[in-house]
Amino acid sequence: MITTSISKIIFSDWAKVQVTQNEEFYTKEPLEVSLLFSRGFSNNFAGQFGIRYKYINNFNITDTSAIRKLPSKLSSSKVTYTSMLINLRYDTLDSFINPSKGIVLQSETEFAYKNSLSNISFNRFAGYFQYYTILLFHKIIFQLIFRR
């Protein structure tokens with residue numbers, strides 16, 4: 001169950017602060033099926049290609065809900081799509097579980113077009129950068145993560 005919360009703070013008099021909350025409850029049921037093929041090209045470079053089918057059903061939404069005011073009517077009903085995706089990853093981390101040094105560069109691309117299995121279309125591009133290094137002692141690790 002997804003909860004959306006809208007808070008308003010109303011200032012009146014000197015010390016009185018009144019907080020009002022409007023909470024909306026609705027149900028979101030996602031289903032996702034993916035078929036992915038992965039290949040390592042070297043010790044540090046890997047790629048992934050695949051297809052994804054995703055079905056999202058939103059229901060139990062009241063007629064006065066804020067979600068009904070969104071421009072797309074699909075936000076308050078069913079969304080289905082089939083997409084193709086490609087991921088590339090360059091990874092020089094010294095440990096997968098507890099890294100202390102290394103770099104990770106990753107890119108993700110996903111394309112979905114309207115067809116008999118999709119009622120929406122979109123293109124999604126994402127990039128990730130992570131940098132790990134030891135600061136002063138072996139117990140202090142500096143981690144820099146950038147996602148776009």
# chains A, B, ... in the order shown; residues from 1 in each chain; ligands from 1
>>> select_by_dssp(residues="region 29-116 of chain A", states="strand (DSSP E or B)", output="VMD selection string")
chain A and resid 29 to 40 45 to 59 78 to 91 102 to 112 115
>>> write_last_selection(atoms="N, CA and C atoms", output="short mmCIF file (atom, residue, chain, number, x, y, z; two decimals), in the first residue's frame")
data_model
loop_
_atom_site.label_atom_id
_atom_site.label_comp_id
_atom_site.auth_asym_id
_atom_site.auth_seq_id
_atom_site.Cartn_x
_atom_site.Cartn_y
_atom_site.Cartn_z
N GLU A 29 -0.32 -2.24 -7.24
CA GLU A 29 0.13 -3.62 -7.43
C GLU A 29 1.00 -3.71 -8.69
N PRO A 30 2.32 -3.82 -8.52
CA PRO A 30 3.19 -3.98 -9.69
C PRO A 30 3.52 -5.45 -9.96
N LEU A 31 3.73 -5.76 -11.21
CA LEU A 31 4.22 -7.07 -11.64
C LEU A 31 5.27 -6.81 -12.71
N GLU A 32 6.44 -7.42 -12.55
CA GLU A 32 7.52 -7.21 -13.52
C GLU A 32 8.15 -8.55 -13.87
N VAL A 33 8.33 -8.77 -15.17
CA VAL A 33 8.99 -9.97 -15.67
C VAL A 33 10.10 -9.50 -16.62
N SER A 34 11.32 -9.94 -16.35
CA SER A 34 12.46 -9.53 -17.17
C SER A 34 13.23 -10.76 -17.66
N LEU A 35 13.75 -10.66 -18.87
CA LEU A 35 14.63 -11.67 -19.44
C LEU A 35 15.91 -10.95 -19.82
N LEU A 36 17.00 -11.25 -19.10
CA LEU A 36 18.25 -10.52 -19.26
C LEU A 36 19.39 -11.45 -19.67
N PHE A 37 20.24 -10.96 -20.54
CA PHE A 37 21.44 -11.67 -20.96
C PHE A 37 22.63 -10.82 -20.54
N SER A 38 23.56 -11.39 -19.78
CA SER A 38 24.72 -10.66 -19.29
C SER A 38 25.99 -11.30 -19.83
N ARG A 39 27.01 -10.44 -20.03
CA ARG A 39 28.29 -10.94 -20.50
C ARG A 39 29.40 -10.07 -19.93
N GLY A 40 30.42 -10.73 -19.42
CA GLY A 40 31.62 -10.02 -18.99
C GLY A 40 32.60 -9.96 -20.14
N PHE A 45 34.83 -5.01 -17.07
CA PHE A 45 33.78 -4.48 -17.97
C PHE A 45 32.74 -5.54 -18.26
N ALA A 46 31.45 -5.18 -18.05
CA ALA A 46 30.36 -6.12 -18.30
C ALA A 46 29.21 -5.39 -18.98
N GLY A 47 28.38 -6.15 -19.67
CA GLY A 47 27.22 -5.60 -20.34
C GLY A 47 26.01 -6.47 -20.12
N GLN A 48 24.85 -5.88 -20.33
CA GLN A 48 23.59 -6.59 -20.12
C GLN A 48 22.59 -6.11 -21.17
N PHE A 49 21.84 -7.03 -21.72
CA PHE A 49 20.80 -6.73 -22.70
C PHE A 49 19.56 -7.53 -22.31
N GLY A 50 18.38 -6.95 -22.49
CA GLY A 50 17.20 -7.71 -22.14
C GLY A 50 15.90 -7.04 -22.52
N ILE A 51 14.82 -7.73 -22.19
CA ILE A 51 13.47 -7.20 -22.38
C ILE A 51 12.75 -7.27 -21.05
N ARG A 52 11.81 -6.37 -20.87
CA ARG A 52 11.07 -6.28 -19.61
C ARG A 52 9.61 -6.04 -19.92
N TYR A 53 8.75 -6.74 -19.19
CA TYR A 53 7.31 -6.48 -19.23
C TYR A 53 6.91 -6.04 -17.83
N LYS A 54 6.21 -4.91 -17.74
CA LYS A 54 5.79 -4.41 -16.43
C LYS A 54 4.32 -4.02 -16.48
N TYR A 55 3.61 -4.42 -15.44
CA TYR A 55 2.19 -4.13 -15.28
C TYR A 55 2.00 -3.49 -13.91
N ILE A 56 1.37 -2.34 -13.88
CA ILE A 56 1.11 -1.64 -12.61
C ILE A 56 -0.38 -1.32 -12.56
N ASN A 57 -1.01 -1.75 -11.49
CA ASN A 57 -2.44 -1.50 -11.30
C ASN A 57 -2.62 -0.62 -10.05
N ASN A 58 -3.15 0.57 -10.23
CA ASN A 58 -3.49 1.46 -9.12
C ASN A 58 -5.00 1.43 -8.93
N PHE A 59 -5.44 1.17 -7.70
CA PHE A 59 -6.88 1.17 -7.46
C PHE A 59 -7.18 1.59 -6.04
N LYS A 78 -4.47 1.45 -14.92
CA LYS A 78 -3.50 0.40 -15.24
C LYS A 78 -2.47 0.91 -16.25
N VAL A 79 -1.22 0.56 -16.01
CA VAL A 79 -0.14 0.86 -16.94
C VAL A 79 0.55 -0.45 -17.28
N THR A 80 0.74 -0.68 -18.55
CA THR A 80 1.51 -1.85 -19.00
C THR A 80 2.52 -1.38 -20.03
N TYR A 81 3.70 -1.99 -19.99
CA TYR A 81 4.66 -1.69 -21.04
C TYR A 81 5.64 -2.84 -21.22
N THR A 82 6.15 -2.92 -22.43
CA THR A 82 7.22 -3.84 -22.79
C THR A 82 8.39 -2.98 -23.25
N SER A 83 9.57 -3.27 -22.74
CA SER A 83 10.71 -2.42 -23.07
C SER A 83 11.95 -3.26 -23.36
N MET A 84 12.89 -2.60 -24.04
CA MET A 84 14.22 -3.18 -24.26
C MET A 84 15.19 -2.36 -23.43
N LEU A 85 16.18 -3.04 -22.83
CA LEU A 85 17.14 -2.32 -22.01
C LEU A 85 18.54 -2.79 -22.26
N ILE A 86 19.48 -1.84 -22.10
CA ILE A 86 20.91 -2.10 -22.26
C ILE A 86 21.62 -1.45 -21.09
N ASN A 87 22.49 -2.21 -20.42
CA ASN A 87 23.29 -1.69 -19.30
C ASN A 87 24.76 -2.01 -19.57
N LEU A 88 25.63 -1.03 -19.29
CA LEU A 88 27.07 -1.24 -19.37
C LEU A 88 27.68 -0.83 -18.05
N ARG A 89 28.69 -1.59 -17.58
CA ARG A 89 29.28 -1.33 -16.27
C ARG A 89 30.79 -1.55 -16.31
N TYR A 90 31.52 -0.54 -15.83
CA TYR A 90 32.97 -0.62 -15.63
C TYR A 90 33.21 -0.57 -14.14
N ASP A 91 33.88 -1.59 -13.58
CA ASP A 91 33.99 -1.73 -12.13
C ASP A 91 35.41 -2.16 -11.75
N GLY A 102 38.47 2.01 -5.53
CA GLY A 102 38.02 1.65 -6.86
C GLY A 102 37.00 2.62 -7.41
N ILE A 103 36.62 2.38 -8.66
CA ILE A 103 35.67 3.22 -9.39
C ILE A 103 34.62 2.33 -10.03
N VAL A 104 33.38 2.84 -10.07
CA VAL A 104 32.30 2.19 -10.81
C VAL A 104 31.68 3.23 -11.73
N LEU A 105 31.61 2.92 -13.02
CA LEU A 105 30.89 3.72 -14.00
C LEU A 105 29.82 2.83 -14.60
N GLN A 106 28.58 3.30 -14.60
CA GLN A 106 27.49 2.47 -15.11
C GLN A 106 26.53 3.33 -15.90
N SER A 107 26.06 2.80 -17.02
CA SER A 107 25.03 3.49 -17.81
C SER A 107 23.88 2.53 -18.05
N GLU A 108 22.68 3.08 -18.04
CA GLU A 108 21.46 2.29 -18.28
C GLU A 108 20.61 3.00 -19.31
N THR A 109 20.05 2.24 -20.21
CA THR A 109 19.15 2.77 -21.24
C THR A 109 17.96 1.83 -21.35
N GLU A 110 16.77 2.41 -21.41
CA GLU A 110 15.55 1.60 -21.55
C GLU A 110 14.62 2.31 -22.52
N PHE A 111 14.07 1.55 -23.48
CA PHE A 111 13.16 2.08 -24.49
C PHE A 111 11.85 1.29 -24.45
N ALA A 112 10.74 2.01 -24.36
CA ALA A 112 9.41 1.38 -24.42
C ALA A 112 8.57 2.16 -25.42
N ASN A 115 2.59 -0.44 -28.21
CA ASN A 115 2.30 -1.57 -29.09
C ASN A 115 1.14 -2.33 -28.46
#
>>> select_by_dssp(residues="chain A", states="helix (DSSP H, G or I)", output="list in words")
Ala66, Ile67, Arg68, Lys69, Lys73, Leu74, Ser75 and Ser76 of chain A
>>> atom_distance(atom1="CA of Ile120 (chain A)", atom2="CA of Ser77 (chain A)")
12.4 Å
>>> residues_around(residues="Tyr132 (chain A)", least_positions_apart="5", cutoff="12 Å", atoms="only C-alpha atoms", output="JSON, numbers by chain")
{"A": [91, 92, 93, 94, 95, 96, 98, 99, 100, 101, 102, 103, 104, 140, 141, 142, 143, 144, 145]}
>>> write_last_selection(atoms="N, CA and C atoms", output="mmCIF file, in the first residue's frame")
data_model
loop_
_atom_site.group_PDB
_atom_site.id
_atom_site.type_symbol
_atom_site.label_atom_id
_atom_site.label_comp_id
_atom_site.auth_asym_id
_atom_site.auth_seq_id
_atom_site.Cartn_x
_atom_site.Cartn_y
_atom_site.Cartn_z
ATOM 1 N N ASP A 91 33.885 -1.588 -13.581
ATOM 2 C CA ASP A 91 33.989 -1.734 -12.130
ATOM 3 C C ASP A 91 35.411 -2.158 -11.747
ATOM 4 N N THR A 92 36.097 -1.310 -10.945
ATOM 5 C CA THR A 92 37.439 -1.652 -10.473
ATOM 6 C C THR A 92 37.491 -1.763 -8.952
ATOM 7 N N LEU A 93 36.343 -2.017 -8.293
ATOM 8 C CA LEU A 93 36.305 -2.111 -6.836
ATOM 9 C C LEU A 93 37.128 -3.300 -6.351
ATOM 10 N N ASP A 94 37.783 -3.136 -5.200
ATOM 11 C CA ASP A 94 38.599 -4.219 -4.645
ATOM 12 C C ASP A 94 37.759 -5.245 -3.893
ATOM 13 N N SER A 95 36.500 -4.912 -3.558
ATOM 14 C CA SER A 95 35.606 -5.853 -2.881
ATOM 15 C C SER A 95 34.167 -5.475 -3.233
ATOM 16 N N PHE A 96 33.358 -6.465 -3.510
ATOM 17 C CA PHE A 96 31.951 -6.205 -3.840
ATOM 18 C C PHE A 96 31.145 -5.861 -2.594
ATOM 19 N N ASN A 98 32.406 -4.905 0.705
ATOM 20 C CA ASN A 98 32.917 -3.796 1.513
ATOM 21 C C ASN A 98 34.098 -3.146 0.786
ATOM 22 N N PRO A 99 33.832 -2.364 -0.259
ATOM 23 C CA PRO A 99 34.945 -1.806 -1.036
ATOM 24 C C PRO A 99 35.690 -0.712 -0.276
ATOM 25 N N SER A 100 37.017 -0.648 -0.496
ATOM 26 C CA SER A 100 37.820 0.416 0.105
ATOM 27 C C SER A 100 38.497 1.275 -0.957
ATOM 28 N N LYS A 101 38.577 0.777 -2.183
ATOM 29 C CA LYS A 101 39.103 1.605 -3.260
ATOM 30 C C LYS A 101 38.592 1.082 -4.597
ATOM 31 N N GLY A 102 38.469 2.013 -5.529
ATOM 32 C CA GLY A 102 38.021 1.652 -6.865
ATOM 33 C C GLY A 102 36.998 2.622 -7.413
ATOM 34 N N ILE A 103 36.619 2.379 -8.664
ATOM 35 C CA ILE A 103 35.667 3.225 -9.394
ATOM 36 C C ILE A 103 34.615 2.331 -10.025
ATOM 37 N N VAL A 104 33.379 2.837 -10.073
ATOM 38 C CA VAL A 104 32.299 2.187 -10.809
ATOM 39 C C VAL A 104 31.678 3.227 -11.735
ATOM 40 N N ILE A 140 38.781 4.224 7.609
ATOM 41 C CA ILE A 140 38.010 5.373 7.148
ATOM 42 C C ILE A 140 37.999 5.354 5.622
ATOM 43 N N ILE A 141 36.817 5.152 5.053
ATOM 44 C CA ILE A 141 36.656 5.054 3.602
ATOM 45 C C ILE A 141 35.861 6.264 3.118
ATOM 46 N N PHE A 142 36.331 6.915 2.089
ATOM 47 C CA PHE A 142 35.616 8.015 1.440
ATOM 48 C C PHE A 142 34.835 7.441 0.283
ATOM 49 N N GLN A 143 33.537 7.732 0.244
ATOM 50 C CA GLN A 143 32.676 7.229 -0.808
ATOM 51 C C GLN A 143 31.997 8.400 -1.480
ATOM 52 N N LEU A 144 32.118 8.513 -2.790
ATOM 53 C CA LEU A 144 31.456 9.545 -3.571
ATOM 54 C C LEU A 144 30.559 8.857 -4.575
ATOM 55 N N ILE A 145 29.277 9.192 -4.560
ATOM 56 C CA ILE A 145 28.312 8.594 -5.486
ATOM 57 C C ILE A 145 27.576 9.707 -6.211
#
>>> atom_distance(atom1="CA of Thr62 (chain A)", atom2="CA of Lys28 (chain A)")
13.6 Å
